[in-house]
Amino acid sequence: MQIVSSIAAMQRLAKKWQRAGTRIGFVPTMGYLHAGHLSLVRAARKRVGTNGKVVVSIYVNPTQFAPTEDLAKYPRDLKRDLKLLRELGVDVVFTPSDAEMYPGKFENRFSTYIVEEKLSQMMEGASRPTHFRGVTTVVAKLFNIVLPDVAVFGQKDFQQAAIIKRMVADLNFPVKIIVAPTLRERDGLAMSSRNKYLDPEQRAQAVILYHALQAAKAAVKKKSVAGGRLQADLKEFITAAPLARLDYVEFFDPETLEPVKQVKRGTQMALAVFFGKTRLIDNAGL
Ligand code: AMP
């Protein structure tokens with residue numbers, strides 16, 4: 001497994017593979033890897049086969065964090081991440097520095113961003129206004145550096161995956177986007193690097209996100225339900241966990257992300273809940 005931190009070296013490798021007709025599968029991450037990330041790596045390998053190359057990037061992208069967010073304390077363990085990826089047979093880990101990715105940012109010489117204007121307005125975009133601009137910009141940069149044929153994202157970040165798919169379609173990036181299912185802990189909590197922030201009491205109550213998804217599924221199993229009503233019921237359900245503070249719970253069309261008035265089977269639900277300063281998200285098709 002090669003560890004590459006220079007953009008020029010990564011592009012040279014990717015171009016060499018391209019010339020040889022070797023397929024490139026790519027999994028962008030912010031590191032501190034868990035089984036969810038590793039499932040994306042396996043999906044990438046499956047897509048490109050044993051003759052293809054799998055590249056995983058580990059980069060905590062500063063432009064997707066607001067100044068008030070957890071950039072400085074975002075968990076990192078590169079040594080452990082590299083061991084896990086080596087065991088999985090990854091070909092290249094791309095780990096650039098901030099100075100490599102955003103040269104001149106600190107002298108105000110970085111000024112080109114990619115902004116998706118529709119799907120990024122609601123939910124995560126409403127709560128974190130500059131977040132998706134950072135995500136689309138860094139993913140576009142990474143696509144230009146890694147030159148992937150296939151890139152794998154997690155359904156855990158449903159809105160992010162929808163926005164990346166839209167960006168790829170709108171701007172004609174020659175890459176196929178795969179969305180892989182959410183991996184969960186035994187009790188149902190979606191795996192996330194941020195789960196590390198939870199103290200034992202918060203961790204025990206965090207399963208409320210999963211239970212809220214299950215409750216909504218049960219509510220619409222046989223009949224449709226008014227969105228406002230279900231929202232109010234779930235708000236009460238979630239705040240029954242004393243440490244939980246609801247940010248949002250939304251019901252929407254899985255393709256357009258437009259909110260729906262009447263919730264039924266097939267409607268997508270997403271929610272964000274704070275436990276102290278830690279903000280957790282989850283979603284599911286009902
Ligand atoms: P992150 O390191 O949090 O930026 O996530 C990197 C990729 O892993 C993103 O495409 C996420 O959607 C995906 N991911 C995060 N958590 C999970 C999970 N529990 N199951 C599957 N994929 C995940």
# chains A, B, ... in the order shown; residues from 1 in each chain; ligands from 1
>>> residues_near_ligand(ligand="ligand 1", cutoff="10 Å", atoms="only C-alpha atoms and all ligand atoms", output="PyMOL selection string")
chain A and resi 27-41+56-61+135+151-161+178-185+189-194+281-282
>>> residues_around(residues="Ile7 (chain A)", least_positions_apart="4", cutoff="8 Å", atoms="only C-alpha atoms", output="list in words")
Gln11, Pro96, Glu100, Met101 and Ile145 of chain A
>>> closest_residue(among="A:Trp17, A:Asn144, A:Tyr197, A:Asp149", to="Arg45 (chain A)", atoms="only C-alpha atoms")
A:Asp149
>>> atom_distance(atom1="CA of Tyr74 (chain A)", atom2="CA of Met1 (chain A)")
25.2 Å
>>> residues_around(residues="Val115 (chain A)", least_positions_apart="6", cutoff="8 Å", atoms="only C-alpha atoms", output="ChimeraX atom specification")
/A:132-133,136-137
>>> select_by_dssp(residues="region 77-221 of chain A", states="helix (DSSP H, G or I)", output="PyMOL selection string")
chain A and resi 78-87+98-101+105-107+124-127+131-146+155-171+193-197+200-205+208-219
>>> residues_around(residues="Asp253 (chain A)", least_positions_apart="4", cutoff="9 Å", atoms="only C-alpha atoms", output="list in words")
Leu257, Glu258, Pro259, Val260, Gly266, Thr267, Gln268 and Met269 of chain A
>>> atom_distance(atom1="CA of Lys141 (chain A)", atom2="CA of Pro254 (chain A)")
26.5 Å
>>> residues_around(residues="Val220 (chain A)", least_positions_apart="2", cutoff="10 Å", atoms="only C-alpha atoms", output="list of chain:residue names")
A:Ala215, A:Ala216, A:Lys217, A:Ala218, A:Lys222, A:Lys223, A:Ser224, A:Val225, A:Ala226, A:Leu230, A:Gln262, A:Val263, A:Lys264, A:Arg265, A:Gly266, A:Thr267, A:Leu286
>>> write_last_selection(atoms="N, CA and C atoms", output="tab-separated table (two decimals), in the first residue's frame")
chain	number	residue	atom	x	y	z
A	215	ALA	N	-39.83	4.02	14.74
A	215	ALA	CA	-41.19	4.42	15.12
A	215	ALA	C	-41.92	5.02	13.92
A	216	ALA	N	-41.20	5.83	13.13
A	216	ALA	CA	-41.83	6.45	11.95
A	216	ALA	C	-42.18	5.38	10.92
A	217	LYS	N	-41.28	4.40	10.76
A	217	LYS	CA	-41.57	3.29	9.83
A	217	LYS	C	-42.85	2.59	10.23
A	218	ALA	N	-42.98	2.31	11.53
A	218	ALA	CA	-44.16	1.61	12.03
A	218	ALA	C	-45.41	2.46	11.82
A	222	LYS	N	-49.03	1.04	7.42
A	222	LYS	CA	-50.34	0.69	6.83
A	222	LYS	C	-51.09	1.88	6.28
A	223	LYS	N	-50.71	3.11	6.70
A	223	LYS	CA	-51.45	4.28	6.24
A	223	LYS	C	-50.51	5.48	6.16
A	224	SER	N	-50.91	6.49	5.38
A	224	SER	CA	-50.10	7.71	5.37
A	224	SER	C	-50.49	8.59	6.56
A	225	VAL	N	-49.56	9.46	6.95
A	225	VAL	CA	-49.76	10.29	8.15
A	225	VAL	C	-49.36	11.72	7.80
A	226	ALA	N	-50.07	12.70	8.34
A	226	ALA	CA	-49.71	14.11	8.09
A	226	ALA	C	-48.31	14.38	8.66
A	230	LEU	N	-46.70	13.84	12.56
A	230	LEU	CA	-45.63	12.86	12.83
A	230	LEU	C	-44.39	13.57	13.40
A	262	GLN	N	-47.64	14.77	3.30
A	262	GLN	CA	-48.22	13.51	3.74
A	262	GLN	C	-47.10	12.46	3.73
A	263	VAL	N	-46.83	11.85	4.87
A	263	VAL	CA	-45.72	10.88	4.96
A	263	VAL	C	-46.27	9.49	4.71
A	264	LYS	N	-45.61	8.74	3.82
A	264	LYS	CA	-46.07	7.37	3.55
A	264	LYS	C	-44.87	6.47	3.31
A	265	ARG	N	-45.16	5.20	3.08
A	265	ARG	CA	-44.06	4.27	2.77
A	265	ARG	C	-43.26	4.81	1.60
A	266	GLY	N	-41.94	4.75	1.71
A	266	GLY	CA	-41.08	5.25	0.63
A	266	GLY	C	-40.64	6.68	0.84
A	267	THR	N	-41.34	7.43	1.70
A	267	THR	CA	-40.85	8.77	2.05
A	267	THR	C	-39.51	8.62	2.78
A	286	LEU	N	-38.67	5.19	4.64
A	286	LEU	CA	-39.68	4.63	5.56
A	286	LEU	C	-40.41	3.45	4.89
>>> residues_around(residues="Leu147 (chain A)", least_positions_apart="5", cutoff="10 Å", atoms="only C-alpha atoms", output="PDB file with all heavy atoms, in the first residue's frame")
ATOM      1  N   MET A  10      -0.020  11.994  -6.721  1.00  0.00           N
ATOM      2  CA  MET A  10      -1.280  11.252  -6.857  1.00  0.00           C
ATOM      3  C   MET A  10      -1.797  11.340  -8.286  1.00  0.00           C
ATOM      4  O   MET A  10      -2.228  10.342  -8.866  1.00  0.00           O
ATOM      5  CB  MET A  10      -2.310  11.815  -5.850  1.00  0.00           C
ATOM      6  CG  MET A  10      -3.621  11.061  -5.798  1.00  0.00           C
ATOM      7  SD  MET A  10      -3.470   9.393  -5.098  1.00  0.00           S
ATOM      8  CE  MET A  10      -4.000   8.388  -6.480  1.00  0.00           C
ATOM      9  N   GLN A  11      -1.750  12.535  -8.856  1.00  0.00           N
ATOM     10  CA  GLN A  11      -2.231  12.697 -10.239  1.00  0.00           C
ATOM     11  C   GLN A  11      -1.371  11.899 -11.224  1.00  0.00           C
ATOM     12  O   GLN A  11      -1.895  11.308 -12.176  1.00  0.00           O
ATOM     13  CB  GLN A  11      -2.229  14.186 -10.632  1.00  0.00           C
ATOM     14  CG  GLN A  11      -3.494  14.901 -10.164  1.00  0.00           C
ATOM     15  CD  GLN A  11      -3.435  16.396 -10.396  1.00  0.00           C
ATOM     16  OE1 GLN A  11      -2.348  16.995 -10.354  1.00  0.00           O
ATOM     17  NE2 GLN A  11      -4.578  17.012 -10.616  1.00  0.00           N
ATOM     18  N   LEU A  13       0.237   9.099 -10.630  1.00  0.00           N
ATOM     19  CA  LEU A  13      -0.165   7.691 -10.496  1.00  0.00           C
ATOM     20  C   LEU A  13      -1.481   7.434 -11.217  1.00  0.00           C
ATOM     21  O   LEU A  13      -1.615   6.471 -11.980  1.00  0.00           O
ATOM     22  CB  LEU A  13      -0.386   7.370  -9.012  1.00  0.00           C
ATOM     23  CG  LEU A  13       0.671   6.624  -8.245  1.00  0.00           C
ATOM     24  CD1 LEU A  13       0.207   6.443  -6.804  1.00  0.00           C
ATOM     25  CD2 LEU A  13       0.950   5.261  -8.893  1.00  0.00           C
ATOM     26  N   ALA A  14      -2.475   8.304 -10.943  1.00  0.00           N
ATOM     27  CA  ALA A  14      -3.819   8.110 -11.509  1.00  0.00           C
ATOM     28  C   ALA A  14      -3.769   8.167 -13.034  1.00  0.00           C
ATOM     29  O   ALA A  14      -4.411   7.369 -13.720  1.00  0.00           O
ATOM     30  CB  ALA A  14      -4.774   9.159 -10.954  1.00  0.00           C
ATOM     31  N   LYS A  15      -2.971   9.087 -13.574  1.00  0.00           N
ATOM     32  CA  LYS A  15      -2.872   9.200 -15.041  1.00  0.00           C
ATOM     33  C   LYS A  15      -2.205   7.964 -15.633  1.00  0.00           C
ATOM     34  O   LYS A  15      -2.585   7.493 -16.704  1.00  0.00           O
ATOM     35  CB  LYS A  15      -2.080  10.455 -15.427  1.00  0.00           C
ATOM     36  CG  LYS A  15      -2.916  11.711 -15.345  1.00  0.00           C
ATOM     37  CD  LYS A  15      -2.155  12.877 -15.931  1.00  0.00           C
ATOM     38  CE  LYS A  15      -2.899  14.171 -15.645  1.00  0.00           C
ATOM     39  NZ  LYS A  15      -2.031  15.336 -15.793  1.00  0.00           N
ATOM     40  N   TRP A  17      -2.315   4.927 -14.377  1.00  0.00           N
ATOM     41  CA  TRP A  17      -3.319   3.856 -14.361  1.00  0.00           C
ATOM     42  C   TRP A  17      -4.323   4.041 -15.495  1.00  0.00           C
ATOM     43  O   TRP A  17      -4.704   3.093 -16.164  1.00  0.00           O
ATOM     44  CB  TRP A  17      -4.070   3.845 -13.032  1.00  0.00           C
ATOM     45  CG  TRP A  17      -3.244   3.465 -11.851  1.00  0.00           C
ATOM     46  CD1 TRP A  17      -2.121   2.694 -11.832  1.00  0.00           C
ATOM     47  CD2 TRP A  17      -3.489   3.839 -10.489  1.00  0.00           C
ATOM     48  NE1 TRP A  17      -1.650   2.559 -10.550  1.00  0.00           N
ATOM     49  CE2 TRP A  17      -2.471   3.255  -9.706  1.00  0.00           C
ATOM     50  CE3 TRP A  17      -4.463   4.607  -9.854  1.00  0.00           C
ATOM     51  CZ2 TRP A  17      -2.404   3.410  -8.321  1.00  0.00           C
ATOM     52  CZ3 TRP A  17      -4.405   4.773  -8.480  1.00  0.00           C
ATOM     53  CH2 TRP A  17      -3.378   4.181  -7.732  1.00  0.00           C
ATOM     54  N   GLN A  18      -4.766   5.301 -15.672  1.00  0.00           N
ATOM     55  CA  GLN A  18      -5.748   5.595 -16.725  1.00  0.00           C
ATOM     56  C   GLN A  18      -5.221   5.170 -18.088  1.00  0.00           C
ATOM     57  O   GLN A  18      -5.921   4.531 -18.863  1.00  0.00           O
ATOM     58  CB  GLN A  18      -6.029   7.088 -16.755  1.00  0.00           C
ATOM     59  CG  GLN A  18      -7.386   7.444 -16.211  1.00  0.00           C
ATOM     60  CD  GLN A  18      -7.706   8.923 -16.397  1.00  0.00           C
ATOM     61  OE1 GLN A  18      -6.889   9.711 -16.887  1.00  0.00           O
ATOM     62  NE2 GLN A  18      -8.906   9.287 -16.006  1.00  0.00           N
ATOM     63  N   ARG A  23      -9.016   0.428 -13.918  1.00  0.00           N
ATOM     64  CA  ARG A  23     -10.132   1.170 -13.294  1.00  0.00           C
ATOM     65  C   ARG A  23      -9.751   1.630 -11.885  1.00  0.00           C
ATOM     66  O   ARG A  23      -9.061   0.922 -11.150  1.00  0.00           O
ATOM     67  CB  ARG A  23     -11.387   0.295 -13.249  1.00  0.00           C
ATOM     68  CG  ARG A  23     -12.071   0.236 -14.614  1.00  0.00           C
ATOM     69  CD  ARG A  23     -13.173  -0.778 -14.652  1.00  0.00           C
ATOM     70  NE  ARG A  23     -14.261  -0.495 -13.714  1.00  0.00           N
ATOM     71  CZ  ARG A  23     -15.184   0.454 -13.880  1.00  0.00           C
ATOM     72  NH1 ARG A  23     -15.131   1.248 -14.935  1.00  0.00           N
ATOM     73  NH2 ARG A  23     -16.156   0.597 -12.999  1.00  0.00           N
ATOM     74  N   ILE A  24     -10.222   2.826 -11.541  1.00  0.00           N
ATOM     75  CA  ILE A  24      -9.885   3.428 -10.245  1.00  0.00           C
ATOM     76  C   ILE A  24     -11.160   3.597  -9.415  1.00  0.00           C
ATOM     77  O   ILE A  24     -12.110   4.251  -9.858  1.00  0.00           O
ATOM     78  CB  ILE A  24      -9.191   4.803 -10.434  1.00  0.00           C
ATOM     79  CG1 ILE A  24      -7.967   4.660 -11.342  1.00  0.00           C
ATOM     80  CG2 ILE A  24      -8.826   5.413  -9.073  1.00  0.00           C
ATOM     81  CD1 ILE A  24      -7.310   5.979 -11.731  1.00  0.00           C
ATOM     82  N   GLY A  25     -11.156   2.987  -8.226  1.00  0.00           N
ATOM     83  CA  GLY A  25     -12.265   3.151  -7.280  1.00  0.00           C
ATOM     84  C   GLY A  25     -11.808   4.034  -6.137  1.00  0.00           C
ATOM     85  O   GLY A  25     -10.675   3.905  -5.663  1.00  0.00           O
ATOM     86  N   PHE A  26     -12.673   4.933  -5.682  1.00  0.00           N
ATOM     87  CA  PHE A  26     -12.245   5.962  -4.727  1.00  0.00           C
ATOM     88  C   PHE A  26     -13.229   6.083  -3.564  1.00  0.00           C
ATOM     89  O   PHE A  26     -14.444   6.099  -3.768  1.00  0.00           O
ATOM     90  CB  PHE A  26     -12.143   7.296  -5.480  1.00  0.00           C
ATOM     91  CG  PHE A  26     -11.757   8.464  -4.616  1.00  0.00           C
ATOM     92  CD1 PHE A  26     -10.750   8.372  -3.662  1.00  0.00           C
ATOM     93  CD2 PHE A  26     -12.397   9.691  -4.786  1.00  0.00           C
ATOM     94  CE1 PHE A  26     -10.399   9.463  -2.880  1.00  0.00           C
ATOM     95  CE2 PHE A  26     -12.049  10.785  -4.007  1.00  0.00           C
ATOM     96  CZ  PHE A  26     -11.051  10.674  -3.055  1.00  0.00           C
ATOM     97  N   LYS A 141     -12.237  18.733  -6.048  1.00  0.00           N
ATOM     98  CA  LYS A 141     -10.760  18.739  -6.071  1.00  0.00           C
ATOM     99  C   LYS A 141     -10.228  17.306  -6.034  1.00  0.00           C
ATOM    100  O   LYS A 141      -9.357  16.932  -6.823  1.00  0.00           O
ATOM    101  CB  LYS A 141     -10.223  19.530  -4.856  1.00  0.00           C
ATOM    102  CG  LYS A 141     -10.329  21.048  -5.026  1.00  0.00           C
ATOM    103  CD  LYS A 141     -10.080  21.780  -3.706  1.00  0.00           C
ATOM    104  CE  LYS A 141      -8.655  21.739  -3.205  1.00  0.00           C
ATOM    105  NZ  LYS A 141      -7.693  22.480  -4.060  1.00  0.00           N
ATOM    106  N   LEU A 142     -10.783  16.495  -5.142  1.00  0.00           N
ATOM    107  CA  LEU A 142     -10.304  15.108  -5.008  1.00  0.00           C
ATOM    108  C   LEU A 142     -10.556  14.319  -6.294  1.00  0.00           C
ATOM    109  O   LEU A 142      -9.721  13.511  -6.706  1.00  0.00           O
ATOM    110  CB  LEU A 142     -10.971  14.434  -3.805  1.00  0.00           C
ATOM    111  CG  LEU A 142     -10.493  14.951  -2.440  1.00  0.00           C
ATOM    112  CD1 LEU A 142     -11.405  14.446  -1.318  1.00  0.00           C
ATOM    113  CD2 LEU A 142      -9.047  14.538  -2.163  1.00  0.00           C
ATOM    114  N   PHE A 173     -18.740  15.315 -14.432  1.00  0.00           N
ATOM    115  CA  PHE A 173     -17.567  14.581 -13.954  1.00  0.00           C
ATOM    116  C   PHE A 173     -17.673  13.141 -14.461  1.00  0.00           C
ATOM    117  O   PHE A 173     -18.725  12.516 -14.302  1.00  0.00           O
ATOM    118  CB  PHE A 173     -17.527  14.571 -12.422  1.00  0.00           C
ATOM    119  CG  PHE A 173     -17.004  15.832 -11.813  1.00  0.00           C
ATOM    120  CD1 PHE A 173     -17.856  16.857 -11.459  1.00  0.00           C
ATOM    121  CD2 PHE A 173     -15.642  15.984 -11.594  1.00  0.00           C
ATOM    122  CE1 PHE A 173     -17.374  18.020 -10.895  1.00  0.00           C
ATOM    123  CE2 PHE A 173     -15.147  17.149 -11.029  1.00  0.00           C
ATOM    124  CZ  PHE A 173     -16.016  18.171 -10.681  1.00  0.00           C
ATOM    125  N   PRO A 174     -16.616  12.591 -15.079  1.00  0.00           N
ATOM    126  CA  PRO A 174     -16.706  11.234 -15.631  1.00  0.00           C
ATOM    127  C   PRO A 174     -16.511  10.175 -14.546  1.00  0.00           C
ATOM    128  O   PRO A 174     -15.576   9.391 -14.586  1.00  0.00           O
ATOM    129  CB  PRO A 174     -15.589  11.205 -16.671  1.00  0.00           C
ATOM    130  CG  PRO A 174     -14.579  12.165 -16.146  1.00  0.00           C
ATOM    131  CD  PRO A 174     -15.314  13.213 -15.354  1.00  0.00           C
ATOM    132  N   VAL A 175     -17.411  10.142 -13.572  1.00  0.00           N
ATOM    133  CA  VAL A 175     -17.273   9.208 -12.453  1.00  0.00           C
ATOM    134  C   VAL A 175     -18.658   8.688 -12.101  1.00  0.00           C
ATOM    135  O   VAL A 175     -19.646   9.424 -12.177  1.00  0.00           O
ATOM    136  CB  VAL A 175     -16.605   9.899 -11.238  1.00  0.00           C
ATOM    137  CG1 VAL A 175     -17.337  11.158 -10.798  1.00  0.00           C
ATOM    138  CG2 VAL A 175     -16.478   8.945 -10.057  1.00  0.00           C
TER     139      VAL A 175
END
>>> residues_around(residues="Glu69 (chain A)", least_positions_apart="6", cutoff="12 Å", atoms="only C-alpha atoms", output="PyMOL selection string")
chain A and resi 62-63+127-131+277-279
>>> write_last_selection(atoms="all heavy atoms", output="mmCIF file, in the first residue's frame")
data_model
loop_
_atom_site.group_PDB
_atom_site.id
_atom_site.type_symbol
_atom_site.label_atom_id
_atom_site.label_comp_id
_atom_site.auth_asym_id
_atom_site.auth_seq_id
_atom_site.Cartn_x
_atom_site.Cartn_y
_atom_site.Cartn_z
ATOM 1 N N PRO A 62 -11.002 21.448 6.106
ATOM 2 C CA PRO A 62 -11.401 22.605 6.925
ATOM 3 C C PRO A 62 -12.554 23.407 6.331
ATOM 4 O O PRO A 62 -13.326 23.997 7.084
ATOM 5 C CB PRO A 62 -10.121 23.453 7.003
ATOM 6 C CG PRO A 62 -9.229 22.951 5.929
ATOM 7 C CD PRO A 62 -9.609 21.533 5.659
ATOM 8 N N THR A 63 -12.702 23.416 4.999
ATOM 9 C CA THR A 63 -13.729 24.306 4.416
ATOM 10 C C THR A 63 -15.157 23.804 4.633
ATOM 11 O O THR A 63 -16.103 24.522 4.329
ATOM 12 C CB THR A 63 -13.494 24.548 2.899
ATOM 13 O OG1 THR A 63 -13.606 23.306 2.206
ATOM 14 C CG2 THR A 63 -12.138 25.156 2.640
ATOM 15 N N SER A 127 -28.944 23.980 8.797
ATOM 16 C CA SER A 127 -28.289 24.013 10.112
ATOM 17 C C SER A 127 -26.817 24.394 10.012
ATOM 18 O O SER A 127 -26.251 24.940 10.960
ATOM 19 C CB SER A 127 -28.384 22.637 10.789
ATOM 20 O OG SER A 127 -29.716 22.357 11.122
ATOM 21 N N ARG A 128 -26.184 24.059 8.869
ATOM 22 C CA ARG A 128 -24.740 24.297 8.711
ATOM 23 C C ARG A 128 -24.526 24.990 7.353
ATOM 24 O O ARG A 128 -24.113 24.359 6.376
ATOM 25 C CB ARG A 128 -23.984 22.959 8.738
ATOM 26 C CG ARG A 128 -24.311 22.086 9.946
ATOM 27 C CD ARG A 128 -23.581 20.740 9.877
ATOM 28 N NE ARG A 128 -22.144 20.900 10.003
ATOM 29 C CZ ARG A 128 -21.254 19.918 9.778
ATOM 30 N NH1 ARG A 128 -21.671 18.716 9.394
ATOM 31 N NH2 ARG A 128 -19.963 20.133 9.933
ATOM 32 N N PRO A 129 -24.780 26.315 7.295
ATOM 33 C CA PRO A 129 -24.902 27.020 6.001
ATOM 34 C C PRO A 129 -23.698 26.912 5.062
ATOM 35 O O PRO A 129 -23.886 26.971 3.847
ATOM 36 C CB PRO A 129 -25.150 28.471 6.407
ATOM 37 C CG PRO A 129 -25.639 28.408 7.819
ATOM 38 C CD PRO A 129 -25.022 27.197 8.449
ATOM 39 N N THR A 130 -22.472 26.787 5.564
ATOM 40 C CA THR A 130 -21.332 26.745 4.632
ATOM 41 C C THR A 130 -20.814 25.316 4.413
ATOM 42 O O THR A 130 -19.853 25.104 3.677
ATOM 43 C CB THR A 130 -20.155 27.594 5.159
ATOM 44 O OG1 THR A 130 -19.826 27.123 6.480
ATOM 45 C CG2 THR A 130 -20.521 29.069 5.231
ATOM 46 N N HIS A 131 -21.478 24.350 5.044
ATOM 47 C CA HIS A 131 -20.976 22.973 5.043
ATOM 48 C C HIS A 131 -20.882 22.378 3.634
ATOM 49 O O HIS A 131 -19.810 21.914 3.216
ATOM 50 C CB HIS A 131 -21.877 22.113 5.933
ATOM 51 C CG HIS A 131 -21.563 20.658 5.892
ATOM 52 N ND1 HIS A 131 -20.368 20.141 6.357
ATOM 53 C CD2 HIS A 131 -22.266 19.589 5.417
ATOM 54 C CE1 HIS A 131 -20.361 18.837 6.184
ATOM 55 N NE2 HIS A 131 -21.496 18.475 5.617
ATOM 56 N N LYS A 277 -22.512 18.967 22.984
ATOM 57 C CA LYS A 277 -22.042 19.676 21.775
ATOM 58 C C LYS A 277 -22.006 18.756 20.566
ATOM 59 O O LYS A 277 -21.735 19.197 19.444
ATOM 60 C CB LYS A 277 -20.628 20.226 22.034
ATOM 61 C CG LYS A 277 -20.646 21.460 22.919
ATOM 62 C CD LYS A 277 -19.270 22.124 22.887
ATOM 63 C CE LYS A 277 -19.206 23.291 23.848
ATOM 64 N NZ LYS A 277 -17.981 23.311 24.652
ATOM 65 N N THR A 278 -22.223 17.454 20.797
ATOM 66 C CA THR A 278 -22.104 16.488 19.703
ATOM 67 C C THR A 278 -23.410 16.417 18.920
ATOM 68 O O THR A 278 -24.469 16.221 19.496
ATOM 69 C CB THR A 278 -21.771 15.097 20.259
ATOM 70 O OG1 THR A 278 -20.604 15.214 21.068
ATOM 71 C CG2 THR A 278 -21.529 14.092 19.151
ATOM 72 N N ARG A 279 -23.280 16.580 17.595
ATOM 73 C CA ARG A 279 -24.463 16.575 16.745
ATOM 74 C C ARG A 279 -24.451 15.284 15.928
ATOM 75 O O ARG A 279 -23.503 15.022 15.193
ATOM 76 C CB ARG A 279 -24.406 17.796 15.830
ATOM 77 C CG ARG A 279 -25.655 18.072 15.074
ATOM 78 C CD ARG A 279 -25.541 19.478 14.469
ATOM 79 N NE ARG A 279 -26.589 19.684 13.502
ATOM 80 C CZ ARG A 279 -26.595 19.160 12.279
ATOM 81 N NH1 ARG A 279 -25.601 18.412 11.881
ATOM 82 N NH2 ARG A 279 -27.606 19.398 11.472
#
>>> select_by_dssp(residues="region 51-221 of chain A", states="strand (DSSP E or B)", output="list in words")
Lys53, Val54, Val55, Val56, Ser57, Ile58, Val92, Val93, Phe94, Val150, Ala151, Val152, Phe153, Gly154, Lys176, Ile177, Ile178, Val179, Ala180, Arg184 and Ala190 of chain A
>>> atom_distance(atom1="CA of Lys118 (chain A)", atom2="CA of Gly134 (chain A)")
15.3 Å
